[in-house]
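Have a look at target_34.txt; it's compact mmCIF, C-alpha atoms:
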# COMPACT_ATOMS: atom_id res chain seq x y z
CA MET A 41 -11.29 -201.31 -13.98
CA LEU A 42 -13.71 -204.07 -14.86
CA GLY A 43 -13.34 -207.14 -12.65
CA ILE A 44 -14.10 -209.66 -15.35
CA LEU A 45 -12.73 -212.64 -13.50
CA ASN A 46 -15.18 -212.68 -10.65
CA PRO A 47 -18.77 -213.16 -11.82
CA LEU A 48 -19.88 -211.06 -8.87
CA ASN A 49 -18.11 -208.10 -10.49
CA CYS A 50 -20.05 -208.37 -13.75
CA ILE A 51 -21.93 -205.19 -14.64
CA ASP A 52 -25.09 -204.42 -16.56
CA PHE A 53 -24.26 -202.69 -19.82
CA MET A 54 -25.35 -199.07 -20.12
CA VAL A 55 -25.67 -196.94 -23.23
CA PRO A 56 -22.08 -196.05 -24.23
CA SER A 57 -21.16 -192.40 -23.84
CA GLU A 58 -17.46 -192.11 -22.98
CA PRO A 59 -14.81 -192.54 -25.71
CA LEU A 60 -12.37 -195.35 -24.98
CA LEU A 61 -10.36 -195.56 -28.21
CA ILE A 62 -9.87 -192.61 -30.57
CA ILE A 63 -8.12 -192.95 -33.93
CA GLU A 64 -6.91 -189.71 -35.47
CA SER A 65 -5.55 -189.19 -39.00
CA LEU A 66 -4.02 -192.68 -39.11
CA CYS A 67 -1.88 -193.53 -42.15
CA LYS A 68 0.07 -196.69 -42.93
CA SER A 69 2.14 -197.64 -45.97
CA PHE A 70 4.16 -200.70 -46.92
CA PRO A 71 7.26 -200.64 -49.15
CA LYS A 72 7.04 -201.93 -52.70
CA SER A 73 9.61 -202.35 -55.45
CA LYS A 74 8.83 -198.81 -56.60
CA GLY A 75 8.04 -196.50 -53.72
CA ALA A 76 5.42 -197.39 -51.12
CA GLU A 77 1.80 -198.50 -51.16
CA ARG A 78 -0.57 -196.56 -48.92
CA ILE A 79 -2.81 -199.09 -47.14
CA LEU A 80 -4.50 -196.77 -44.64
CA ASN A 81 -5.14 -193.14 -45.47
CA ASP A 82 -6.35 -190.61 -42.88
CA ILE A 83 -8.46 -192.98 -40.77
CA ASN A 84 -10.55 -191.30 -38.07
CA MET A 85 -12.73 -193.31 -35.69
CA THR A 86 -14.14 -193.06 -32.18
CA LEU A 87 -14.98 -196.19 -30.19
CA TYR A 88 -17.11 -195.72 -27.09
CA LYS A 89 -16.91 -197.77 -23.90
CA GLY A 90 -19.13 -200.82 -24.08
CA SER A 91 -19.96 -200.40 -27.77
CA ILE A 92 -19.71 -202.98 -30.54
CA VAL A 93 -18.26 -201.44 -33.69
CA GLY A 94 -18.26 -203.15 -37.06
CA ILE A 95 -15.61 -202.52 -39.72
CA ILE A 96 -16.60 -203.79 -43.15
CA GLY A 97 -15.17 -203.54 -46.64
CA ARG A 98 -14.02 -205.53 -49.62
CA SER A 99 -10.84 -207.60 -49.58
CA GLY A 100 -7.83 -205.31 -49.61
CA ALA A 101 -9.72 -202.37 -48.08
CA GLY A 102 -7.27 -202.18 -45.16
CA LYS A 103 -9.39 -203.75 -42.41
CA SER A 104 -6.83 -206.24 -41.11
CA THR A 105 -4.00 -203.69 -41.29
CA LEU A 106 -6.10 -201.32 -39.19
CA LEU A 107 -6.65 -204.06 -36.62
CA ARG A 108 -2.91 -204.77 -36.49
CA CYS A 109 -2.29 -201.09 -35.83
CA LEU A 110 -4.83 -201.10 -33.01
CA ASN A 111 -3.18 -204.02 -31.22
CA GLY A 112 0.33 -202.71 -31.72
CA LEU A 113 1.55 -205.29 -34.24
CA GLU A 114 2.01 -202.55 -36.86
CA LYS A 115 3.25 -199.04 -36.20
CA PRO A 116 1.40 -196.36 -38.22
CA ASP A 117 3.41 -193.91 -40.32
CA THR A 118 1.47 -190.95 -38.93
CA GLY A 119 -1.57 -190.33 -36.76
CA ARG A 120 -2.60 -191.16 -33.23
CA ILE A 121 -4.34 -194.04 -31.43
CA ILE A 122 -5.58 -192.70 -28.11
CA PHE A 123 -6.39 -195.48 -25.63
CA GLY A 124 -7.46 -193.99 -22.33
CA ASP A 125 -4.82 -191.35 -21.60
CA ASP A 126 -2.12 -192.88 -23.80
CA ASP A 127 -1.19 -192.47 -27.45
CA LEU A 128 -0.20 -196.02 -28.40
CA CYS A 129 1.89 -194.68 -31.29
CA GLN A 130 4.19 -192.80 -28.89
CA LEU A 131 4.73 -195.43 -26.20
CA ASN A 132 8.05 -197.21 -25.81
CA GLN A 133 8.09 -200.99 -26.22
CA ALA A 134 7.77 -201.75 -22.49
CA ASP A 135 4.81 -199.41 -21.98
CA LEU A 136 3.16 -200.56 -25.20
CA ARG A 137 3.49 -204.20 -24.13
CA LYS A 138 1.81 -203.37 -20.84
CA ARG A 139 -1.00 -201.40 -22.53
CA ARG A 140 -1.60 -204.18 -25.04
CA GLN A 141 -2.56 -206.47 -22.18
CA LYS A 142 -5.89 -204.61 -22.12
CA ILE A 143 -6.49 -205.35 -25.81
CA GLY A 144 -7.56 -208.91 -26.59
CA VAL A 145 -7.62 -210.45 -30.06
CA VAL A 146 -9.86 -213.23 -31.36
CA PHE A 147 -8.60 -214.83 -34.58
CA GLN A 148 -10.37 -216.45 -37.51
CA THR A 149 -8.45 -219.73 -37.14
CA TYR A 150 -8.52 -219.85 -33.31
CA ASN A 151 -4.67 -220.02 -33.04
CA LEU A 152 -4.81 -222.53 -30.20
CA LEU A 153 -1.81 -224.59 -29.07
CA GLN A 154 -2.77 -228.12 -30.03
CA SER A 155 -0.51 -229.75 -27.45
CA LYS A 156 -2.04 -227.71 -24.59
CA THR A 157 -5.31 -228.19 -22.74
CA VAL A 158 -8.12 -225.66 -22.77
CA PHE A 159 -6.93 -224.51 -19.35
CA ASP A 160 -3.38 -223.94 -20.58
CA ASN A 161 -4.52 -222.15 -23.74
CA ILE A 162 -6.67 -219.73 -21.74
CA ALA A 163 -3.85 -219.28 -19.22
CA LEU A 164 -1.23 -218.43 -21.86
CA PRO A 165 -1.43 -214.60 -21.62
CA LEU A 166 -1.55 -214.82 -17.82
CA THR A 167 1.53 -217.03 -17.79
CA LEU A 168 3.42 -214.66 -20.10
CA ALA A 169 2.47 -211.77 -17.82
CA GLU A 170 3.60 -213.79 -14.78
CA MET A 171 0.17 -213.58 -13.18
CA LYS A 172 -1.71 -216.18 -11.17
CA THR A 173 -3.78 -218.38 -13.40
CA THR A 174 -6.08 -220.88 -11.70
CA GLU A 175 -8.94 -218.70 -10.44
CA ARG A 176 -8.83 -216.38 -13.42
CA VAL A 177 -8.93 -219.19 -15.95
CA LYS A 178 -11.84 -220.83 -14.15
CA ALA A 179 -13.75 -217.55 -14.08
CA VAL A 180 -13.39 -216.73 -17.80
CA ALA A 181 -14.04 -220.36 -18.75
CA ASP A 182 -17.30 -220.12 -16.83
CA LEU A 183 -18.20 -216.90 -18.64
CA VAL A 184 -17.85 -218.57 -22.05
CA GLY A 185 -19.47 -221.85 -21.00
CA LEU A 186 -16.39 -224.06 -20.99
CA SER A 187 -15.96 -224.95 -17.30
CA HIS A 188 -16.49 -228.62 -18.18
CA LYS A 189 -13.82 -228.60 -20.92
CA LEU A 190 -10.77 -227.26 -19.10
CA SER A 191 -8.88 -230.57 -19.31
CA SER A 192 -9.76 -231.18 -22.97
CA TYR A 193 -7.46 -230.61 -25.94
CA PRO A 194 -8.34 -228.52 -29.03
CA HIS A 195 -8.72 -231.58 -31.28
CA GLU A 196 -11.47 -232.80 -28.94
CA LEU A 197 -13.52 -229.61 -29.37
CA SER A 198 -15.96 -228.39 -31.98
CA GLY A 199 -15.22 -225.25 -33.99
CA GLY A 200 -17.55 -223.21 -31.81
CA GLN A 201 -15.89 -224.48 -28.64
CA CYS A 202 -12.45 -223.66 -30.04
CA GLN A 203 -13.61 -220.11 -30.71
CA ARG A 204 -14.94 -219.88 -27.15
CA VAL A 205 -11.46 -220.84 -25.94
CA GLY A 206 -10.05 -218.05 -28.11
CA ILE A 207 -12.50 -215.56 -26.63
CA ALA A 208 -11.73 -216.69 -23.08
CA ARG A 209 -7.99 -216.36 -23.72
CA ALA A 210 -8.53 -212.84 -25.12
CA LEU A 211 -10.46 -211.86 -21.97
CA ALA A 212 -8.03 -213.38 -19.50
CA ILE A 213 -6.24 -210.18 -18.43
CA GLU A 214 -9.15 -207.85 -17.67
CA THR A 215 -9.53 -206.87 -21.32
CA GLU A 216 -11.07 -203.51 -22.14
CA VAL A 217 -11.06 -203.83 -25.95
CA LEU A 218 -11.76 -207.06 -27.83
CA LEU A 219 -10.62 -207.14 -31.47
CA CYS A 220 -12.32 -209.83 -33.57
CA ASP A 221 -10.82 -210.51 -37.00
CA GLU A 222 -13.30 -212.48 -39.17
CA PHE A 223 -13.82 -214.62 -36.08
CA THR A 224 -16.97 -216.40 -37.31
CA SER A 225 -15.96 -217.06 -40.92
CA ALA A 226 -14.96 -220.68 -40.22
CA LEU A 227 -18.20 -221.48 -38.36
CA ASP A 228 -21.54 -222.78 -39.59
CA PRO A 229 -24.55 -220.40 -39.35
CA GLU A 230 -26.00 -221.94 -36.17
CA THR A 231 -22.66 -221.88 -34.35
CA THR A 232 -22.06 -218.33 -35.58
CA MET A 233 -25.30 -217.21 -33.93
CA ASP A 234 -24.28 -218.93 -30.68
CA ILE A 235 -20.93 -217.10 -30.69
CA LEU A 236 -22.57 -213.76 -31.51
CA ASN A 237 -25.05 -214.19 -28.67
CA LEU A 238 -22.12 -215.01 -26.38
CA LEU A 239 -20.43 -211.78 -27.50
CA LEU A 240 -23.55 -209.76 -26.70
CA SER A 241 -23.77 -211.45 -23.31
CA LEU A 242 -20.13 -210.62 -22.53
CA ARG A 243 -20.67 -207.01 -23.54
CA GLN A 244 -23.69 -206.90 -21.24
CA LYS A 245 -21.84 -208.45 -18.30
CA LEU A 246 -18.41 -206.90 -18.70
CA GLY A 247 -18.91 -203.65 -20.58
CA VAL A 248 -16.08 -204.67 -22.91
CA THR A 249 -15.68 -202.66 -26.13
CA VAL A 250 -15.70 -204.85 -29.24
CA VAL A 251 -14.34 -204.23 -32.74
CA LEU A 252 -15.64 -206.63 -35.40
CA VAL A 253 -13.76 -206.87 -38.69
CA THR A 254 -15.99 -208.94 -40.95
CA HIS A 255 -17.39 -209.39 -44.42
CA ASP A 256 -20.52 -211.08 -43.02
CA MET A 257 -23.35 -208.57 -42.85
CA ASN A 258 -25.33 -210.93 -40.58
CA VAL A 259 -22.64 -210.40 -37.93
CA ILE A 260 -23.02 -206.63 -38.29
CA LYS A 261 -26.81 -206.78 -38.23
CA HIS A 262 -26.90 -208.98 -35.15
CA CYS A 263 -24.26 -207.29 -33.00
CA ALA A 264 -22.93 -203.92 -34.08
CA ASP A 265 -24.07 -200.57 -32.73
CA PHE A 266 -22.04 -198.56 -35.21
CA VAL A 267 -20.40 -199.34 -38.56
CA TYR A 268 -17.40 -197.99 -40.47
CA VAL A 269 -17.06 -198.87 -44.17
CA LEU A 270 -13.52 -199.01 -45.55
CA ASP A 271 -12.52 -198.83 -49.20
CA GLY A 272 -9.07 -198.17 -50.58
CA GLY A 273 -7.73 -197.56 -47.09
CA GLN A 274 -10.25 -194.81 -46.33
CA VAL A 275 -13.46 -194.56 -44.33
CA VAL A 276 -16.03 -193.97 -47.09
CA GLU A 277 -19.15 -194.23 -44.93
CA GLN A 278 -20.02 -194.49 -41.26
CA GLY A 279 -23.14 -194.51 -39.15
CA ALA A 280 -25.41 -196.32 -36.74
CA THR A 281 -25.99 -199.88 -37.90
CA LEU A 282 -29.64 -199.34 -38.83
CA ASP A 283 -28.77 -196.25 -40.84
CA ILE A 284 -26.12 -198.17 -42.75
CA LEU A 285 -28.48 -201.09 -43.38
CA THR A 286 -31.43 -198.99 -44.48
CA LYS A 287 -29.97 -195.72 -45.81
CA ALA A 288 -26.56 -196.58 -47.26
CA GLN A 289 -25.25 -193.79 -49.50
CA HIS A 290 -21.86 -194.92 -50.78
CA PRO A 291 -21.74 -197.33 -53.77
CA VAL A 292 -19.35 -199.66 -51.92
CA THR A 293 -21.74 -199.96 -48.98
CA GLN A 294 -24.71 -200.47 -51.29
CA SER A 295 -22.82 -203.18 -53.17
CA LEU A 296 -21.93 -204.98 -49.93
CA LEU A 297 -25.57 -204.86 -48.86
CA HIS A 298 -27.26 -206.00 -52.08
CA ASP A 299 -26.54 -209.73 -51.70
CA PHE A 300 -27.24 -209.64 -47.98
CA LEU A 301 -30.55 -207.79 -48.19
CA LYS A 302 -31.59 -209.58 -51.39
CA ASP A 303 -33.15 -206.32 -52.50
CA GLN A 304 -32.51 -206.70 -56.22
CA LEU A 305 -35.01 -207.89 -58.82
CA PRO A 306 -34.38 -211.33 -60.31
CA SER A 307 -32.27 -211.01 -63.46
CA PHE A 308 -35.02 -212.33 -65.75
CA ILE A 309 -37.29 -209.49 -64.58
CA GLN A 310 -34.56 -206.86 -64.78
CA GLU A 311 -34.09 -207.78 -68.43
CA LYS A 312 -37.76 -206.95 -69.10
CA LEU A 313 -37.70 -203.51 -67.45
CA HIS A 314 -37.86 -200.35 -69.53
CA PRO A 315 -37.85 -196.71 -68.38
CA SER A 316 -40.95 -195.47 -70.24
CA PRO A 317 -44.49 -196.90 -70.11
CA HIS A 318 -46.13 -198.76 -72.98
CA ASP A 319 -49.73 -199.83 -73.34
CA ASN A 320 -50.86 -202.37 -70.72
CA ASP A 321 -47.61 -202.06 -68.77
CA ASP A 322 -47.20 -202.61 -65.06
CA VAL A 323 -45.15 -200.17 -63.02
CA VAL A 324 -42.60 -201.86 -60.75
CA LEU A 325 -42.05 -200.34 -57.30
CA LYS A 326 -39.70 -201.14 -54.45
CA LEU A 327 -41.32 -200.52 -51.07
CA MET A 328 -38.97 -200.10 -48.11
CA PHE A 329 -40.47 -200.71 -44.68
CA HIS A 330 -39.07 -199.46 -41.39
CA ASP A 331 -39.95 -200.79 -37.95
CA ARG A 332 -43.71 -200.52 -37.27
CA THR A 333 -44.61 -200.13 -40.94
CA SER A 334 -43.27 -203.66 -41.58
CA THR A 335 -46.29 -205.15 -39.79
CA LYS A 336 -49.04 -202.88 -41.15
CA PRO A 337 -51.50 -204.46 -43.65
CA LEU A 338 -50.59 -201.91 -46.31
CA ILE A 339 -50.77 -204.19 -49.35
CA SER A 340 -54.25 -205.44 -48.48
CA THR A 341 -55.28 -201.80 -48.05
CA LEU A 342 -54.08 -201.03 -51.58
CA VAL A 343 -56.12 -203.87 -52.98
CA HIS A 344 -59.21 -202.94 -50.96
CA GLU A 345 -59.15 -199.14 -51.30
CA TRP A 346 -57.80 -198.70 -54.84
CA HIS A 347 -59.19 -201.95 -56.28
CA VAL A 348 -55.90 -202.75 -57.97
CA PRO A 349 -54.30 -206.19 -58.11
CA VAL A 350 -50.83 -206.16 -56.59
CA ASN A 351 -48.29 -208.62 -57.95
CA ILE A 352 -45.62 -209.42 -55.35
CA ILE A 353 -42.30 -210.04 -57.10
CA GLY A 354 -40.03 -210.48 -54.10
CA GLY A 355 -39.17 -209.23 -50.65
CA ASN A 356 -37.53 -209.81 -47.31
CA LEU A 357 -37.73 -208.80 -43.66
CA HIS A 358 -34.74 -208.36 -41.36
CA HIS A 359 -34.34 -207.86 -37.63
CA SER A 360 -31.58 -205.88 -35.95
CA GLY A 361 -31.98 -205.70 -32.20
CA ASP A 362 -35.60 -204.72 -31.57
CA TYR A 363 -35.92 -203.10 -34.97
CA THR A 364 -37.57 -204.66 -38.04
CA PHE A 365 -36.97 -203.45 -41.56
CA GLY A 366 -37.31 -204.84 -45.04
CA HIS A 367 -38.52 -204.37 -48.58
CA LEU A 368 -41.16 -205.59 -50.98
CA MET A 369 -41.00 -205.39 -54.76
CA VAL A 370 -44.38 -205.21 -56.42
CA SER A 371 -45.95 -204.42 -59.77
CA ILE A 372 -49.32 -202.81 -60.37
CA LYS A 373 -51.12 -201.83 -63.56
CA HIS A 374 -49.78 -198.49 -64.71
CA ASP A 375 -52.11 -195.55 -64.24
CA SER A 376 -50.44 -192.23 -63.40
CA LYS A 377 -53.22 -190.96 -61.15
CA THR A 378 -53.52 -194.23 -59.23
CA VAL A 379 -49.75 -194.66 -58.84
CA THR A 380 -49.40 -191.09 -57.55
CA SER A 381 -52.20 -191.63 -55.03
CA ILE A 382 -50.78 -194.96 -53.85
CA THR A 383 -47.28 -193.51 -53.51
CA LYS A 384 -48.64 -190.64 -51.42
CA TYR A 385 -50.51 -193.06 -49.15
CA LEU A 386 -47.48 -195.31 -48.64
CA THR A 387 -45.15 -192.37 -47.96
CA GLU A 388 -47.55 -190.93 -45.40
CA ASN A 389 -47.49 -194.32 -43.66
CA GLY A 390 -43.71 -194.40 -43.36
CA VAL A 391 -42.90 -196.50 -46.42
CA SER A 392 -40.20 -195.34 -48.83
CA VAL A 393 -41.14 -195.89 -52.46
CA GLU A 394 -38.59 -196.32 -55.26
CA PHE A 395 -39.58 -196.48 -58.92
CA LEU A 396 -37.78 -199.35 -60.70
CA GLY A 397 -39.31 -199.22 -64.18
CA TYR A 398 -42.08 -200.66 -66.34
CA LEU A 399 -42.67 -204.13 -67.70
CA GLN A 400 -45.26 -206.19 -69.46
CA TRP A 401 -45.99 -209.64 -68.14
Exercise: express the given structure as structure tokens:
Amino acid sequence: MLGILNPLNCIDFMVPSEPLLIIESLCKSFPKSKGAERILNDINMTLYKGSIVGIIGRSGAGKSTLLRCLNGLEKPDTGRIIFGDDDLCQLNQADLRKRRQKIGVVFQTYNLLQSKTVFDNIALPLTLAEMKTTERVKAVADLVGLSHKLSSYPHELSGGQCQRVGIARALAIETEVLLCDEFTSALDPETTMDILNLLLSLRQKLGVTVVLVTHDMNVIKHCADFVYVLDGGQVVEQGATLDILTKAQHPVTQSLLHDFLKDQLPSFIQEKLHPSPHDNDDVVLKLMFHDRTSTKPLISTLVHEWHVPVNIIGGNLHHSGDYTFGHLMVSIKHDSKTVTSITKYLTENGVSVEFLGYLQW
């Protein structure tokens, strides 16, 4: 059991290895005028202790329904949710209520009681569980940086501070799993980064397992260790965050990433592209860099060694943890022998090369 309420009991996070929450063949339907609508269909996931798992997908993919199943607000039609030694789907109401105390939820809209102080809002789950409040509330308030706001009311707080109250409340009863449902969508970018850094700090100190349901790929990039992609109530892709960001295979994942990565040609250039070369055409290439290759002077080497002008059309670099990745879209004068040689050189230096087409400037 993690002693989250005494800072002396905080632990250093280790690489997760032991499963904490296992979802097996989970299905959930809701009645409609004609039959039933399947919202979740054969969901299988494994969440490891101390990990941060992202769940992404378009609206209507089933993300929020899945979260409601995990915290016991919805009962699945079939399947299992194994939490520790218990199948949450088989517990009676009393045992489920007790087990849910270890699962905290952070909401998009904070869900704070406006007539209660910060102290009372954090203390709410402790009060409902008939547990002592004072020392515990002070300890979690200190963890989220709100020790000086315990007597304040929600209307006196900023959006970021309100969300910190929500996080503290969710952690009040020695939480093992923290479910976050679009919890940064109402925050500005700077405050979002503050909250995400707080989440990483809490994971480091407490070893809490976090599930992030979000449409914001910046949240995934900054925090998640592993990602599940939902579409039509099914897991259509899954993998380590860097693999999803750099090697996405499913069209839904690729679509979600395009706007975030800004890895598409401007529309006015796309309109000029054609698949076969004409006289005096440039060939357009997309170069994808991974980690150390992102800082190598590869473009200057092309200019120096092959004596070809390189026209940079667009590009971007991203950071996820200690890893850097990105892309560069360039055009060079078309010459089959030169392009083949350049492609070979780039590939040997860890750069993925994608042919986009030909154009004439």
Counting only C-alpha atoms, which residues of region 278-334 of chain A fall within 10 Å of region 251-267 of chain A, and what is the closest atom pair for each with its distance in Å at one decimal, ordered by chain and rising number, as a Markdown table?
| residue | atom | partner | partner_atom | distance |
| --- | --- | --- | --- | --- |
| A:Gln278 | CA | A:Val267 | CA | 5.6 |
| A:Gly279 | CA | A:Val267 | CA | 5.6 |
| A:Ala280 | CA | A:Phe266 | CA | 4.3 |
| A:Thr281 | CA | A:Phe266 | CA | 5.0 |
| A:Leu282 | CA | A:Lys261 | CA | 8.0 |
| A:Asp283 | CA | A:Phe266 | CA | 9.1 |
| A:Ile284 | CA | A:Val267 | CA | 7.2 |
| A:Leu285 | CA | A:Lys261 | CA | 7.9 |
| A:Leu296 | CA | A:Met257 | CA | 8.1 |
| A:Leu297 | CA | A:Met257 | CA | 7.4 |
| A:Asp299 | CA | A:Met257 | CA | 9.5 |
| A:Phe300 | CA | A:Met257 | CA | 6.5 |
| A:Leu301 | CA | A:Met257 | CA | 9.0 |
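Neighbourhood of point (-51.3, -198.8, -56.3): residues with an atom at most 10 Å away, counting all atoms listed in the file, are A:Val323, A:Leu325, A:Ile339, A:Thr341, A:Leu342, A:Val343, A:Glu345, A:Trp346, A:His347, A:Val348, A:Pro349, A:Val350, A:Val370, A:Ser371, A:Ile372, A:Lys373, A:His374, A:Asp375, A:Ser376, A:Lys377, A:Thr378, A:Val379, A:Thr380, A:Ser381, A:Ile382, A:Thr383, A:Lys384, A:Tyr385, A:Leu386.
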Do a neighbour search on region 66-68 of chain A at 9 Å with all atoms listed in the file, toss out local chain neighbours closer than 6 positions, and write the hits as a PyMOL selection string. chain A and resi 77-84+105-106+109+114-121+273
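Proximity ranking of A:Leu313, A:Ile92, A:Met369, A:Val145 relative to Leu107 (chain A) places A:Val145 first, based on only C-alpha atoms.
Proximity to Gly97 (chain A) was assessed for A:Glu277, A:Thr286, A:Ser316, A:Asn356 counting all atoms listed in the file; the smallest distance is recorded for A:Glu277.
Minimum atom-to-atom distance to Ser307 (chain A), evaluated using only C-alpha atoms, belongs to A:Ile353 out of A:Ile353, A:Met328, A:Cys220, A:Val292.
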If we count only C-alpha atoms and set the cut-off at 12 Å, which residues sit around region 195-200 of chain A, ignoring sequence neighbours fewer than 2 positions away in its own chain? Please answer as number ranges by chain. A: 148-158, 184-186, 188-193, 202-207, 223-236, 238
For the residues in that selection, give me C-alpha atoms as a JSON list (two decimals), in the frame of the given file.
[["chain", "number", "residue", "atom", "x", "y", "z"],
["A", 148, "GLN", "CA", -10.37, -216.45, -37.51],
["A", 149, "THR", "CA", -8.45, -219.73, -37.14],
["A", 150, "TYR", "CA", -8.52, -219.85, -33.31],
["A", 151, "ASN", "CA", -4.67, -220.02, -33.04],
["A", 152, "LEU", "CA", -4.81, -222.53, -30.20],
["A", 153, "LEU", "CA", -1.81, -224.59, -29.07],
["A", 154, "GLN", "CA", -2.77, -228.12, -30.03],
["A", 155, "SER", "CA", -0.51, -229.75, -27.45],
["A", 156, "LYS", "CA", -2.04, -227.71, -24.59],
["A", 157, "THR", "CA", -5.31, -228.19, -22.74],
["A", 158, "VAL", "CA", -8.12, -225.66, -22.77],
["A", 184, "VAL", "CA", -17.85, -218.57, -22.05],
["A", 185, "GLY", "CA", -19.47, -221.85, -21.00],
["A", 186, "LEU", "CA", -16.39, -224.06, -20.99],
["A", 188, "HIS", "CA", -16.49, -228.62, -18.18],
["A", 189, "LYS", "CA", -13.82, -228.60, -20.92],
["A", 190, "LEU", "CA", -10.77, -227.26, -19.10],
["A", 191, "SER", "CA", -8.88, -230.57, -19.31],
["A", 192, "SER", "CA", -9.76, -231.18, -22.97],
["A", 193, "TYR", "CA", -7.46, -230.61, -25.94],
["A", 202, "CYS", "CA", -12.45, -223.66, -30.04],
["A", 203, "GLN", "CA", -13.61, -220.11, -30.71],
["A", 204, "ARG", "CA", -14.94, -219.88, -27.15],
["A", 205, "VAL", "CA", -11.46, -220.84, -25.94],
["A", 206, "GLY", "CA", -10.05, -218.05, -28.11],
["A", 207, "ILE", "CA", -12.50, -215.56, -26.63],
["A", 223, "PHE", "CA", -13.82, -214.62, -36.08],
["A", 224, "THR", "CA", -16.97, -216.40, -37.31],
["A", 225, "SER", "CA", -15.96, -217.06, -40.92],
["A", 226, "ALA", "CA", -14.96, -220.68, -40.22],
["A", 227, "LEU", "CA", -18.20, -221.48, -38.36],
["A", 228, "ASP", "CA", -21.54, -222.78, -39.59],
["A", 229, "PRO", "CA", -24.55, -220.40, -39.35],
["A", 230, "GLU", "CA", -26.00, -221.94, -36.17],
["A", 231, "THR", "CA", -22.66, -221.88, -34.35],
["A", 232, "THR", "CA", -22.06, -218.33, -35.58],
["A", 233, "MET", "CA", -25.30, -217.21, -33.93],
["A", 234, "ASP", "CA", -24.28, -218.93, -30.68],
["A", 235, "ILE", "CA", -20.93, -217.10, -30.69],
["A", 236, "LEU", "CA", -22.57, -213.76, -31.51],
["A", 238, "LEU", "CA", -22.12, -215.01, -26.38]]
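You can rank A:Val275, A:Leu357, A:Val177, A:Leu396 by their closest distance to His314 (chain A) using only C-alpha atoms, and at the top of that list sits A:Leu396.
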Go through A:Ser91, A:Gln141, A:Ser187, A:Thr167 and flag the residue nearest Glu214 (chain A), using all atoms listed in the file for the distances. A:Gln141
Computed interatomic separation between CA of Asn111 (chain A) and CA of Thr173 (chain A) (Å): 22.9 Å
So the first atom is CA of Arg139 (chain A) and the second is CA of Leu168 (chain A); what is the distance between them in Å, to one decimal place? 14.2 Å
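Remark: for Pro317 (chain A), the closest of the candidate residues A:Ile352, A:Gly366, A:Tyr398, A:Thr293 is A:Tyr398 (distances computed over only C-alpha atoms).
A straight line drawn from CA of Thr249 (chain A) to CA of Lys89 (chain A) is 5.5 Å long.
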In file coordinates, which residues lie within 12 Å of (-48.9, -201.0, -41.3) using all atoms listed in the file, given as an NGL selection string? :A and (329-342 or 385-391)
